[in-house]
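**Student:** Sharing start_25.cif below, mmCIF, C-alpha atoms:
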```
data_final
#
loop_
_atom_site.label_atom_id
_atom_site.label_comp_id
_atom_site.auth_asym_id
_atom_site.auth_seq_id
_atom_site.Cartn_x
_atom_site.Cartn_y
_atom_site.Cartn_z
CA MET A 15 -5.66 -8.94 -41.82
CA SER A 16 -5.43 -5.61 -39.96
CA ARG A 17 -2.29 -4.75 -38.05
CA ARG A 18 -2.74 -4.70 -34.29
CA CYS A 19 -2.51 -1.16 -32.90
CA GLU A 20 0.20 -0.39 -30.40
CA PRO A 21 -1.40 0.54 -27.06
CA ILE A 22 -1.16 4.27 -26.36
CA PHE A 23 -2.10 5.60 -22.94
CA PHE A 24 -1.88 9.19 -21.75
CA HIS A 25 -1.66 10.06 -18.07
CA VAL A 26 -2.83 13.65 -17.71
CA ASP A 27 -2.05 15.45 -14.47
CA MET A 28 -3.14 18.99 -13.68
CA ASP A 29 -0.16 20.84 -12.24
CA ALA A 30 -0.56 21.94 -8.58
CA PHE A 31 -4.26 21.85 -9.34
CA TYR A 32 -5.96 23.42 -6.32
CA ALA A 33 -3.43 26.23 -6.08
CA SER A 34 -3.40 26.76 -9.86
CA VAL A 35 -7.19 27.14 -9.89
CA GLU A 36 -6.90 29.76 -7.15
CA GLN A 37 -4.21 31.59 -9.11
CA ALA A 38 -6.30 31.47 -12.29
CA ASP A 39 -9.35 32.81 -10.45
CA LYS A 40 -7.28 35.46 -8.65
CA PRO A 41 -4.56 36.64 -11.08
CA GLU A 42 -2.94 38.73 -8.35
CA LEU A 43 -1.78 35.44 -6.78
CA LYS A 44 0.15 34.27 -9.85
CA GLY A 45 3.83 33.81 -9.13
CA LYS A 46 3.21 33.93 -5.36
CA PRO A 47 3.24 31.11 -2.79
CA VAL A 48 -0.29 29.79 -2.24
CA ILE A 49 -1.15 27.21 0.41
CA ILE A 50 -4.54 25.48 0.46
CA GLY A 51 -5.87 23.92 3.66
CA ALA A 52 -6.38 24.92 7.26
CA ALA A 53 -5.87 28.50 8.36
CA PRO A 54 -2.61 29.38 10.18
CA GLY A 55 -3.02 28.77 13.88
CA GLY A 56 -5.30 25.81 13.30
CA ARG A 57 -4.57 22.14 13.82
CA GLY A 58 -5.13 21.07 10.22
CA VAL A 59 -2.75 20.24 7.41
CA VAL A 60 -1.79 21.47 3.97
CA SER A 61 -4.13 20.05 1.31
CA ALA A 62 -2.16 21.46 -1.63
CA CYS A 63 0.25 24.24 -2.47
CA SER A 64 1.69 26.10 -5.44
CA TYR A 65 5.14 25.47 -6.86
CA GLU A 66 6.21 28.80 -5.37
CA ALA A 67 5.35 27.48 -1.90
CA ARG A 68 7.10 24.18 -2.57
CA ARG A 69 10.39 26.06 -2.92
CA PHE A 70 10.13 26.73 0.82
CA GLY A 71 9.80 23.01 1.53
CA VAL A 72 6.03 23.08 1.95
CA HIS A 73 4.16 19.98 0.78
CA SER A 74 0.73 18.38 1.10
CA ALA A 75 -0.14 16.71 4.42
CA MET A 76 2.36 18.94 6.26
CA PRO A 77 0.96 20.42 9.49
CA ILE A 78 -0.21 23.94 8.78
CA SER A 79 1.90 25.22 11.68
CA GLU A 80 5.06 23.91 10.01
CA ALA A 81 4.00 25.37 6.65
CA TYR A 82 3.51 28.76 8.29
CA ARG A 83 6.91 28.54 9.97
CA ARG A 84 8.54 27.87 6.60
CA CYS A 85 6.50 30.31 4.54
CA PRO A 86 4.71 32.91 6.68
CA LYS A 87 4.14 35.27 3.73
CA ALA A 88 2.19 32.73 1.68
CA HIS A 89 -1.46 33.29 0.84
CA TYR A 90 -3.44 30.78 2.92
CA LEU A 91 -6.78 29.78 1.39
CA PRO A 92 -9.50 27.25 2.29
CA VAL A 93 -10.25 24.23 0.14
CA ARG A 94 -12.96 25.04 -2.42
CA MET A 95 -13.72 21.50 -3.55
CA LYS A 96 -16.87 22.48 -5.45
CA ARG A 97 -14.85 24.91 -7.57
CA TYR A 98 -12.07 22.39 -8.21
CA GLN A 99 -14.63 19.78 -9.27
CA GLU A 100 -16.24 22.31 -11.60
CA VAL A 101 -12.92 23.04 -13.33
CA SER A 102 -12.12 19.33 -13.38
CA ARG A 103 -15.38 18.57 -15.20
CA THR A 104 -14.57 21.25 -17.78
CA ILE A 105 -11.16 19.72 -18.43
CA MET A 106 -12.49 16.16 -18.62
CA ALA A 107 -15.01 17.35 -21.21
CA LEU A 108 -12.10 18.67 -23.29
CA PHE A 109 -10.43 15.26 -23.12
CA SER A 110 -13.59 13.64 -24.48
CA ARG A 111 -12.98 15.41 -27.79
CA PHE A 112 -10.06 13.06 -28.36
CA THR A 113 -11.27 9.76 -26.87
CA PRO A 114 -14.35 8.34 -25.17
CA GLU A 115 -12.12 6.12 -23.03
CA ILE A 116 -11.34 8.37 -20.08
CA GLN A 117 -10.53 6.87 -16.70
CA GLN A 118 -10.59 9.64 -14.11
CA ILE A 119 -8.70 8.54 -10.99
CA SER A 120 -8.93 11.74 -8.97
CA VAL A 121 -10.16 15.29 -9.34
CA ASP A 122 -6.90 16.34 -11.04
CA GLU A 123 -5.72 13.36 -13.09
CA ALA A 124 -6.96 10.86 -15.61
CA PHE A 125 -5.88 8.21 -18.07
CA LEU A 126 -6.84 8.57 -21.73
CA ASN A 127 -6.75 5.57 -24.05
CA LEU A 128 -5.61 6.92 -27.43
CA THR A 129 -4.99 3.51 -28.98
CA GLY A 130 -5.90 3.49 -32.66
CA THR A 131 -6.56 7.24 -32.95
CA GLU A 132 -3.43 8.24 -34.90
CA ARG A 133 -5.24 8.43 -38.24
CA LEU A 134 -7.80 10.76 -36.71
CA PHE A 135 -5.58 13.10 -34.67
CA GLY A 136 -1.98 12.44 -35.66
CA PRO A 137 1.02 11.16 -33.66
CA PRO A 138 0.66 10.91 -29.87
CA GLU A 139 3.06 13.79 -29.14
CA ALA A 140 1.08 16.09 -31.46
CA VAL A 141 -2.18 15.09 -29.77
CA ALA A 142 -0.67 15.78 -26.36
CA ARG A 143 0.45 19.26 -27.45
CA SER A 144 -3.05 19.97 -28.77
CA ILE A 145 -4.62 18.87 -25.49
CA LYS A 146 -2.22 20.99 -23.44
CA GLU A 147 -2.94 24.05 -25.55
CA LEU A 148 -6.70 23.49 -25.43
CA VAL A 149 -6.65 23.23 -21.63
CA ARG A 150 -4.48 26.35 -21.35
CA GLU A 151 -6.75 28.38 -23.62
CA THR A 152 -9.93 27.21 -21.86
CA THR A 153 -8.89 27.31 -18.20
CA ASP A 154 -5.56 29.18 -18.03
CA LEU A 155 -4.07 26.06 -16.39
CA THR A 156 -1.10 23.91 -17.33
CA ILE A 157 -1.13 20.14 -17.39
CA SER A 158 1.56 17.48 -17.66
CA ILE A 159 1.13 14.49 -19.95
CA GLY A 160 2.95 11.18 -19.89
CA ILE A 161 2.63 8.78 -22.84
CA ALA A 162 3.41 5.08 -22.75
CA GLN A 163 2.09 1.66 -23.69
CA ASN A 164 0.58 1.08 -20.24
CA ARG A 165 -0.97 3.25 -17.56
CA PHE A 166 1.71 2.75 -14.93
CA LEU A 167 4.50 3.94 -17.23
CA ALA A 168 2.37 6.85 -18.42
CA LYS A 169 1.93 7.90 -14.78
CA LEU A 170 5.71 7.77 -14.22
CA ALA A 171 6.29 9.77 -17.40
CA SER A 172 3.94 12.58 -16.43
CA GLU A 173 5.51 12.80 -12.97
CA ALA A 174 8.99 13.02 -14.53
CA GLY A 175 7.96 15.92 -16.75
CA LYS A 176 6.17 18.12 -14.20
CA PRO A 177 5.34 20.92 -14.33
CA ASP A 178 3.90 21.59 -17.80
CA GLY A 179 5.66 18.50 -19.13
CA LEU A 180 5.26 16.14 -22.07
CA VAL A 181 7.22 12.88 -21.85
CA ARG A 182 6.81 9.76 -23.99
CA ILE A 183 8.32 6.37 -23.18
CA LEU A 184 8.74 4.40 -26.39
CA PRO A 185 8.38 0.60 -26.48
CA GLY A 186 11.73 -0.94 -25.63
CA ASP A 187 12.84 2.05 -23.54
CA GLU A 188 10.95 1.08 -20.39
CA GLU A 189 13.84 -0.09 -18.23
CA ALA A 190 16.17 2.63 -19.50
CA PHE A 191 13.63 5.25 -18.46
CA ILE A 192 12.92 3.68 -15.08
CA ASP A 193 16.65 3.48 -14.35
CA THR A 194 16.77 7.29 -14.47
CA LEU A 195 14.37 7.45 -11.51
CA THR A 196 15.12 7.26 -7.84
CA LEU A 197 13.33 4.62 -5.82
CA ARG A 198 11.31 7.42 -4.23
CA ALA A 199 10.10 8.43 -7.69
CA LEU A 200 8.93 4.90 -8.51
CA TRP A 201 5.23 5.61 -8.10
CA GLY A 202 3.46 3.59 -5.46
CA LEU A 203 6.34 3.04 -3.03
CA GLY A 204 5.30 4.17 0.42
CA LYS A 205 7.49 5.43 3.22
CA LYS A 206 7.61 2.09 5.03
CA THR A 207 8.59 0.20 1.88
CA LEU A 208 11.37 2.69 1.14
CA GLU A 209 12.68 2.32 4.70
CA ARG A 210 12.64 -1.45 4.35
CA LEU A 211 14.53 -1.28 1.04
CA ASN A 212 17.08 1.02 2.64
CA ASP A 213 17.52 -1.49 5.48
CA LEU A 214 18.17 -4.16 2.82
CA ASN A 215 20.79 -1.87 1.21
CA ILE A 216 18.72 -1.56 -1.96
CA ARG A 217 19.25 2.03 -3.10
CA SER A 218 18.44 2.05 -6.83
CA VAL A 219 15.96 0.65 -9.32
CA LYS A 220 18.71 -1.48 -10.90
CA GLU A 221 19.51 -3.05 -7.53
CA LEU A 222 15.83 -3.72 -7.00
CA ARG A 223 15.57 -5.39 -10.39
CA SER A 224 18.45 -7.73 -9.55
CA LEU A 225 16.21 -9.56 -7.05
CA SER A 226 13.93 -12.36 -8.14
CA GLU A 227 10.20 -12.15 -7.53
CA GLN A 228 10.47 -14.97 -5.02
CA ASN A 229 13.12 -13.11 -3.00
CA LEU A 230 11.14 -9.86 -3.10
CA LYS A 231 8.05 -11.65 -1.80
CA ARG A 232 10.07 -13.32 0.93
CA LEU A 233 11.64 -10.03 2.02
CA LEU A 234 8.67 -7.71 1.62
CA GLY A 235 5.54 -9.82 1.54
CA ASP A 236 3.56 -11.21 -1.37
CA GLY A 237 1.66 -8.05 -2.33
CA THR A 238 4.56 -5.61 -2.16
CA GLY A 239 7.02 -8.10 -3.65
CA ALA A 240 4.82 -8.81 -6.66
CA PHE A 241 4.22 -5.09 -7.18
CA LEU A 242 7.92 -4.18 -7.07
CA TYR A 243 8.97 -7.02 -9.37
CA ARG A 244 6.69 -5.71 -12.10
CA ALA A 245 7.10 -1.99 -11.41
CA CYS A 246 10.89 -1.91 -11.72
CA ARG A 247 10.56 -3.57 -15.15
CA GLY A 248 7.94 -1.16 -16.46
CA ILE A 249 5.24 -3.83 -16.39
CA ASP A 250 1.90 -2.44 -15.23
CA PRO A 251 1.46 -3.92 -11.72
CA GLY A 252 -2.30 -3.56 -11.98
CA ILE A 253 -2.83 -0.46 -9.85
CA PHE A 254 -4.88 1.14 -12.59
CA THR A 255 -7.29 -1.26 -14.20
CA ASP A 256 -10.06 -0.78 -16.70
CA GLU A 257 -13.53 0.17 -15.51
CA PRO A 258 -15.77 -2.85 -14.89
CA LYS A 259 -17.45 -3.93 -18.09
CA SER A 260 -20.80 -4.42 -16.34
CA ARG A 261 -23.02 -1.34 -16.17
CA SER A 262 -21.89 0.71 -13.20
CA ILE A 263 -21.02 4.20 -12.05
CA SER A 264 -18.06 4.77 -9.75
CA ASN A 265 -15.52 7.30 -8.61
CA GLU A 266 -12.41 7.01 -6.47
CA THR A 267 -9.76 9.15 -4.81
CA THR A 268 -6.07 8.44 -4.26
CA PHE A 269 -4.84 10.23 -1.14
CA PRO A 270 -1.65 12.32 -1.53
CA HIS A 271 -0.29 10.39 1.45
CA ASP A 272 -1.50 7.12 2.99
CA THR A 273 -3.85 7.90 5.85
CA HIS A 274 -5.98 6.40 8.63
CA ASP A 275 -7.53 9.76 9.55
CA HIS A 276 -11.17 8.74 10.15
CA GLU A 277 -12.68 12.17 9.60
CA LEU A 278 -10.76 12.74 6.35
CA ILE A 279 -11.70 9.30 5.02
CA HIS A 280 -15.39 9.71 5.89
CA THR A 281 -15.48 13.22 4.40
CA VAL A 282 -14.06 11.81 1.16
CA LEU A 283 -16.65 9.01 1.26
CA LEU A 284 -19.39 11.63 1.62
CA ASP A 285 -18.05 13.61 -1.33
CA LEU A 286 -17.71 10.50 -3.51
CA SER A 287 -21.23 9.39 -2.57
CA HIS A 288 -22.65 12.66 -3.84
CA GLN A 289 -20.56 12.58 -7.01
CA VAL A 290 -21.71 9.05 -7.85
CA PHE A 291 -25.36 9.60 -6.96
CA PHE A 292 -25.61 12.86 -8.92
CA ARG A 293 -24.18 11.04 -11.94
CA LEU A 294 -26.84 8.37 -11.42
CA LEU A 295 -29.56 11.02 -11.30
CA SER A 296 -28.13 12.72 -14.39
CA GLU A 297 -28.40 9.44 -16.30
CA LYS A 298 -31.94 8.94 -15.00
CA GLY A 299 -31.01 5.52 -13.70
CA LYS A 300 -31.67 3.31 -10.71
CA ALA A 301 -29.12 1.18 -8.88
CA TYR A 302 -29.62 -1.69 -6.48
CA THR A 303 -26.04 -2.46 -5.47
CA ALA A 304 -23.53 -0.25 -3.66
CA PHE A 305 -19.86 -1.18 -3.52
CA ILE A 306 -16.60 0.20 -2.18
CA LYS A 307 -12.98 -0.35 -3.13
CA VAL A 308 -10.16 0.13 -0.65
CA ARG A 309 -6.43 -0.04 -1.38
CA PHE A 310 -4.08 -0.12 1.60
CA SER A 311 -0.49 1.10 1.93
CA ASP A 312 0.85 -2.39 1.15
CA PHE A 313 -1.10 -2.37 -2.18
CA LYS A 314 -3.58 -4.97 -1.03
CA THR A 315 -6.94 -4.09 -2.53
CA THR A 316 -10.29 -5.23 -1.22
CA THR A 317 -13.88 -4.64 -2.22
CA ALA A 318 -17.26 -5.10 -0.59
CA GLN A 319 -20.79 -4.70 -1.86
CA LYS A 320 -24.37 -4.83 -0.68
CA THR A 321 -27.48 -5.31 -2.80
CA LEU A 322 -30.84 -3.94 -1.70
CA LYS A 323 -34.32 -5.22 -2.55
CA ARG A 324 -35.18 -1.75 -3.79
CA SER A 325 -33.19 0.88 -5.64
CA LEU A 326 -30.90 3.30 -3.82
CA SER A 327 -32.80 6.47 -3.00
CA SER A 328 -30.22 9.12 -2.13
CA ALA A 329 -26.58 10.07 -1.81
CA GLU A 330 -27.04 10.05 1.96
CA GLU A 331 -28.18 6.43 1.80
CA LEU A 332 -25.22 5.56 -0.41
CA PHE A 333 -22.95 7.28 2.13
CA GLU A 334 -24.39 5.27 5.01
CA LEU A 335 -23.98 2.03 3.06
CA SER A 336 -20.39 2.93 2.15
CA GLN A 337 -19.56 3.49 5.82
CA GLN A 338 -21.01 0.10 6.67
CA LEU A 339 -19.04 -1.58 3.86
CA LEU A 340 -15.88 0.18 5.00
CA GLN A 341 -16.32 -1.23 8.49
CA TRP A 342 -16.41 -4.71 6.96
CA ARG A 343 -13.04 -4.20 5.26
CA TRP A 344 -11.05 -1.74 7.42
CA ASP A 345 -9.73 -2.21 10.95
CA GLY A 346 -9.64 1.56 11.52
CA THR A 347 -5.87 1.70 11.98
CA SER A 348 -4.35 0.49 8.67
CA ASP A 349 -3.24 3.26 6.32
CA ILE A 350 -5.42 3.70 3.25
CA ARG A 351 -3.95 4.70 -0.11
CA LEU A 352 -7.10 4.81 -2.24
CA ILE A 353 -10.83 4.62 -1.66
CA GLY A 354 -13.66 4.40 -4.14
CA ILE A 355 -17.45 4.13 -4.22
CA GLY A 356 -19.73 2.84 -6.92
CA VAL A 357 -23.19 1.61 -7.77
CA SER A 358 -24.15 -1.25 -10.08
CA GLY A 359 -27.16 -3.28 -11.08
CA LEU A 360 -28.32 -0.24 -13.03
CA SER A 361 -31.62 -0.01 -14.87
CA GLU A 362 -33.72 2.70 -16.43
CA HIS A 363 -35.57 4.98 -14.04
CA GLY A 364 -39.06 3.82 -13.18
CA ALA A 365 -40.95 2.56 -10.17
CA SER A 366 -40.68 -1.08 -9.15
CA GLN A 367 -43.08 -2.72 -6.72
CA SER A 368 -40.78 -2.11 -3.73
CA ASP A 369 -40.37 1.53 -4.75
CA LEU A 370 -44.11 2.13 -4.44
CA PHE A 371 -44.09 1.81 -0.66
CA GLU A 372 -43.06 4.66 1.61
CA ASP A 373 -39.28 4.97 1.72
CA PRO A 374 -37.56 6.89 4.53
CA TRP A 375 -34.91 8.00 2.01
CA GLU A 376 -37.39 9.28 -0.60
CA ARG A 377 -37.51 12.81 0.81
CA LYS A 378 -33.72 13.05 0.61
CA LYS A 379 -33.86 11.82 -2.98
CA GLN A 380 -36.34 14.57 -3.85
CA VAL A 381 -34.03 17.15 -2.25
CA GLU A 382 -31.04 15.82 -4.21
CA GLU A 383 -32.99 15.92 -7.48
CA ALA A 384 -33.79 19.55 -6.71
CA VAL A 385 -30.11 20.23 -5.96
CA LEU A 386 -29.14 18.65 -9.28
CA ASN A 387 -31.58 20.89 -11.15
CA ILE A 388 -30.20 23.96 -9.36
CA ARG A 389 -26.64 22.98 -10.29
CA LYS A 390 -27.60 22.43 -13.93
CA LYS A 391 -28.77 26.05 -14.03
CA GLY A 392 -25.28 27.18 -12.99
CA ASN A 393 -26.10 28.00 -9.40
CA LYS A 394 -23.92 26.89 -6.51
CA ILE A 395 -25.22 24.94 -3.55
CA ILE A 396 -23.07 23.69 -0.68
CA LYS A 397 -23.29 20.79 1.75
CA ALA A 398 -22.95 22.04 5.32
CA ARG A 399 -20.37 19.42 6.34
CA PHE A 400 -17.94 20.90 3.81
CA LEU A 401 -18.17 24.32 5.48
CA ARG A 402 -16.67 23.37 8.82
CA PRO A 403 -13.63 25.47 9.72
CA GLY A 404 -10.46 23.72 8.63
CA LYS A 405 -12.37 21.06 6.66
CA VAL A 406 -13.21 20.67 2.99
CA GLN A 407 -15.11 23.71 1.80
CA ASP A 408 -17.18 24.03 -1.37
CA ASP A 409 -18.07 27.69 -1.40
CA ASP A 410 -16.61 30.34 -3.66
CA ARG A 411 -16.18 32.96 -0.97
CA GLU A 412 -12.74 34.42 -0.59
CA ASN A 413 -11.34 33.83 2.86
CA HIS A 414 -7.83 35.28 3.06
#
```
As structure tokens - that is how I would like this structure written.
**Tutor:**
Amino acid sequence: MSRRCEPIFFHVDMDAFYASVEQADKPELKGKPVIIGAAPGGRGVVSACSYEARRFGVHSAMPISEAYRRCPKAHYLPVRMKRYQEVSRTIMALFSRFTPEIQQISVDEAFLNLTGTERLFGPPEAVARSIKELVRETTDLTISIGIAQNRFLAKLASEAGKPDGLVRILPGDEEAFIDTLTLRALWGLGKKTLERLNDLNIRSVKELRSLSEQNLKRLLGDGTGAFLYRACRGIDPGIFTDEPKSRSISNETTFPHDTHDHELIHTVLLDLSHQVFFRLLSEKGKAYTAFIKVRFSDFKTTTAQKTLKRSLSSAEELFELSQQLLQWRWDGTSDIRLIGIGVSGLSEHGASQSDLFEDPWERKKQVEEAVLNIRKKGNKIIKARFLRPGKVQDDDRENH
């Protein structure tokens, strides 16, 4: 009888990703503070910043006016999401050399399931060093890798080692590792939860672990209480789950800070809709069901889906459906932590009876197929919404 393999998960996080891509593309910016987001004088916020800028107290979601006050000599650049996605795809392709089980959770981080690969590639730490070196040689970027027996611990390990880190949590060392963290570093705790814990005079992970699950639920609510009970013991609280086993295509984004900014959320939905639909086109598939996933600041997660009588025709249609589904599940004021879009009910491409009739979305589908072909040839094409001043931008123009 074969011995059961110990689970091995990597969490791979690209260090200060947006800013690092800018520094790699523009070597003159290396070692200098770089701030990505709205231009100084605007009303926007910081989307990302380099470690050099962080030394001045700048962080993501900070108003750009405050960032400029703290670091006026920084290089302020617009978001080039298309470029970041391009580099992200390159890096994810490198990961696929080591495992087919890649769960990308945002443009700059992913989980890799390396369970059972030791005979092929060697010990986990050696594999992690190989991956780090391969990414550095290919993209001139550094990544941090956390290794553990579940995804949640791997995420904590990579955070603890940043930047350019490699941290492994061995089985049996879970609580000892977590006890070295502050409550603020216990991934998933939002500002309101931390304030509530402070009010309860709970200041450390050990103090948190001294409370029973029943007491935590009574003090903090069922969702948050259940999460904290598991998290402070190194038990995966279920934030990161496996992809659905049914045939589907999906993508999701975790916001750097919980948000109820309508324009930001809808811009992310638009971007995710295009990512998912272009993947669908690339696989020459059809999908009949659209779904969304929303996780709120209290960790409650909800989903909604809608199935059509005909296949989805375009990314724009998927975007409209996702907005409708979001309205079903979001009151417009609750803070959102994560949002995702997907399609399911996939089949091979080919016309069904309902597809033979005139479809108002068909012209958009034809345009998107043309866009996909243009992108495959290495050319860049930009959606106008992402070019608004102070919003997400996809172009490669320098705008200092």
**Student:** Of the candidates A:His271, A:Lys40, A:Arg223, A:Lys146, which one gets nearest to A:Pro177 if we count all atoms listed in the file?
**Tutor:**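 Checking each candidate against A:Pro177, we get A:Lys146 as the closest.
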**Student:** If you measure from atom CA of A:Phe125 to atom CA of A:Leu222, what distance in Å do you get, rounded to one decimal?
**Tutor:**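 Going from atom CA of A:Phe125 over to atom CA of A:Leu222, I get 27.1 Å.
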**Student:** Mind telling me what the PyMOL selection byres ((chain A and resi 304-321) around 8) catches here, as a list in words?
**Tutor:**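 After applying the PyMOL selection byres ((chain A and resi 304-321) around 8), what remains is Gly204, Gly237, Thr238, Phe241, Asp272, Ala301, Tyr302, Thr303, Leu322, Lys323, Leu332, Leu335, Ser336, Leu339, Leu340, Trp342, Arg343, Ser348, Asp349, Ile350, Arg351, Leu352, Ile353, Gly354, Ile355, Gly356, Val357 and Ser358 of chain A.
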**Student:** Would you please work out which residue, of A:Asp345, A:Asp250, A:Asp187, A:Glu334, is nearest to A:His280 when using all atoms listed in the file?
**Tutor:**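 Smallest distance to A:His280 is found for A:Glu334.
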**Student:** Determine the residue set returned by the PyMOL selection byres ((chain A and resi 38) around 12) for the present structure, and present it as a PDB file with C-alpha atoms, keeping the file's coordinate frame.
**Tutor:**
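Below you can see result29.pdb, which holds the result:
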```
ATOM      1  CA  ALA A  30      -0.560  21.940  -8.580  1.00  0.00           C
ATOM      2  CA  PHE A  31      -4.260  21.850  -9.340  1.00  0.00           C
ATOM      3  CA  TYR A  32      -5.960  23.420  -6.320  1.00  0.00           C
ATOM      4  CA  ALA A  33      -3.430  26.230  -6.080  1.00  0.00           C
ATOM      5  CA  SER A  34      -3.400  26.760  -9.860  1.00  0.00           C
ATOM      6  CA  VAL A  35      -7.190  27.140  -9.890  1.00  0.00           C
ATOM      7  CA  GLU A  36      -6.900  29.760  -7.150  1.00  0.00           C
ATOM      8  CA  GLN A  37      -4.210  31.590  -9.110  1.00  0.00           C
ATOM      9  CA  ASP A  39      -9.350  32.810 -10.450  1.00  0.00           C
ATOM     10  CA  LYS A  40      -7.280  35.460  -8.650  1.00  0.00           C
ATOM     11  CA  PRO A  41      -4.560  36.640 -11.080  1.00  0.00           C
ATOM     12  CA  GLU A  42      -2.940  38.730  -8.350  1.00  0.00           C
ATOM     13  CA  LEU A  43      -1.780  35.440  -6.780  1.00  0.00           C
ATOM     14  CA  LYS A  44       0.150  34.270  -9.850  1.00  0.00           C
ATOM     15  CA  GLY A  45       3.830  33.810  -9.130  1.00  0.00           C
ATOM     16  CA  VAL A  48      -0.290  29.790  -2.240  1.00  0.00           C
ATOM     17  CA  SER A  64       1.690  26.100  -5.440  1.00  0.00           C
ATOM     18  CA  ARG A  97     -14.850  24.910  -7.570  1.00  0.00           C
ATOM     19  CA  TYR A  98     -12.070  22.390  -8.210  1.00  0.00           C
ATOM     20  CA  VAL A 101     -12.920  23.040 -13.330  1.00  0.00           C
ATOM     21  CA  ARG A 150      -4.480  26.350 -21.350  1.00  0.00           C
ATOM     22  CA  GLU A 151      -6.750  28.380 -23.620  1.00  0.00           C
ATOM     23  CA  THR A 152      -9.930  27.210 -21.860  1.00  0.00           C
ATOM     24  CA  THR A 153      -8.890  27.310 -18.200  1.00  0.00           C
ATOM     25  CA  ASP A 154      -5.560  29.180 -18.030  1.00  0.00           C
ATOM     26  CA  LEU A 155      -4.070  26.060 -16.390  1.00  0.00           C
ATOM     27  CA  THR A 156      -1.100  23.910 -17.330  1.00  0.00           C
TER      28      THR A 156
END
```
**Student:** Nearest to A:Glu266 among A:Glu100, A:Glu221, A:Glu189, A:Asp122, with distances taken over all atoms listed in the file: which residue is it?
**Tutor:**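 Closest to A:Glu266 of all the choices is A:Asp122.
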**Student:** Rounded to one decimal place, report the atom CA of A:Asn212-atom CA of A:Gly346 distance in Å.
**Tutor:**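 About the pair atom CA of A:Asn212 and atom CA of A:Gly346: they are 28.2 Å apart.
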**Student:** What's the separation between atom CA of A:Ile279 and atom CA of A:Met76, in Å to one decimal place?
**Tutor:**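 About the pair atom CA of A:Ile279 and atom CA of A:Met76: they are 17.1 Å apart.
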**Student:** Can you turn the PyMOL selection byres ((chain A and resi 219) around 10) into a concrete residue list for this file, as a list of chain:residue names?
**Tutor:**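 Those residues are A:Glu189, A:Ile192, A:Asp193, A:Thr194, A:Leu195, A:Thr196, A:Leu197, A:Arg198, A:Ala199, A:Leu200, A:Ile216, A:Arg217, A:Ser218, A:Lys220, A:Glu221, A:Leu222, A:Arg223, A:Ser224, A:Leu242, A:Ala245, A:Cys246, A:Arg247.
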**Student:** Give as an MDAnalysis selection string the set of residues within 10 Å of the point (-5.3, 28.5, 10.2), where distances use the file's coordinates and all atoms listed in the file.
**Tutor:** chainID A and resid 51:59 78:79 82 90:92 403:404
**Student:** May I ask which of the residues A:Arg244, A:Leu211, A:Pro270, A:Lys169 is the closest one to A:His73, counting all atoms listed in the file?
**Tutor:**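 Ranked by minimum distance to A:His73, first place goes to A:Pro270.
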**Student:** Which residue, A:Thr207, A:Thr347, A:Gln341, A:Ser144, has the smallest gap to A:Leu180 when you use only C-alpha atoms?
**Tutor:**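 Closest residue, counting only C-alpha atoms: A:Ser144.
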**Student:** Which one is closest to A:Thr131: A:Ser296, A:Pro21, A:Gln118, A:Lys231? Count only C-alpha atoms.
**Tutor:** A:Pro21
**Student:** Name all residues at most 10 Å from A:Gln289 (count only C-alpha atoms; drop same-chain ones fewer than 4 positions away) and give them as a PyMOL selection string.
**Tutor:** chain A and resi 99+263-266+283-285+293-294+329+355-356
**Student:** Let me have the centre and edge lengths in Å, one decimal, of the box along x, y and z around every listed atom of stretch 98-111 of chain A with 4 Å of margin on each side, as lines of an AutoDock Vina configuration file.
**Tutor:**
```
center_x = -13.3
center_y = 18.3
center_z = -18.0
size_x = 13.8
size_y = 17.4
size_z = 27.6
```
**Student:** As a list in words, please: the residues near A:Glu132 (cut-off 10 Å, all atoms listed in the file, same-chain neighbours under 4 positions excluded).
**Tutor:**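 With the cut-off at 10 Å, the set is Cys19, Ile22, Leu128, Gly136, Pro137, Pro138, Ala140 and Val141 of chain A.
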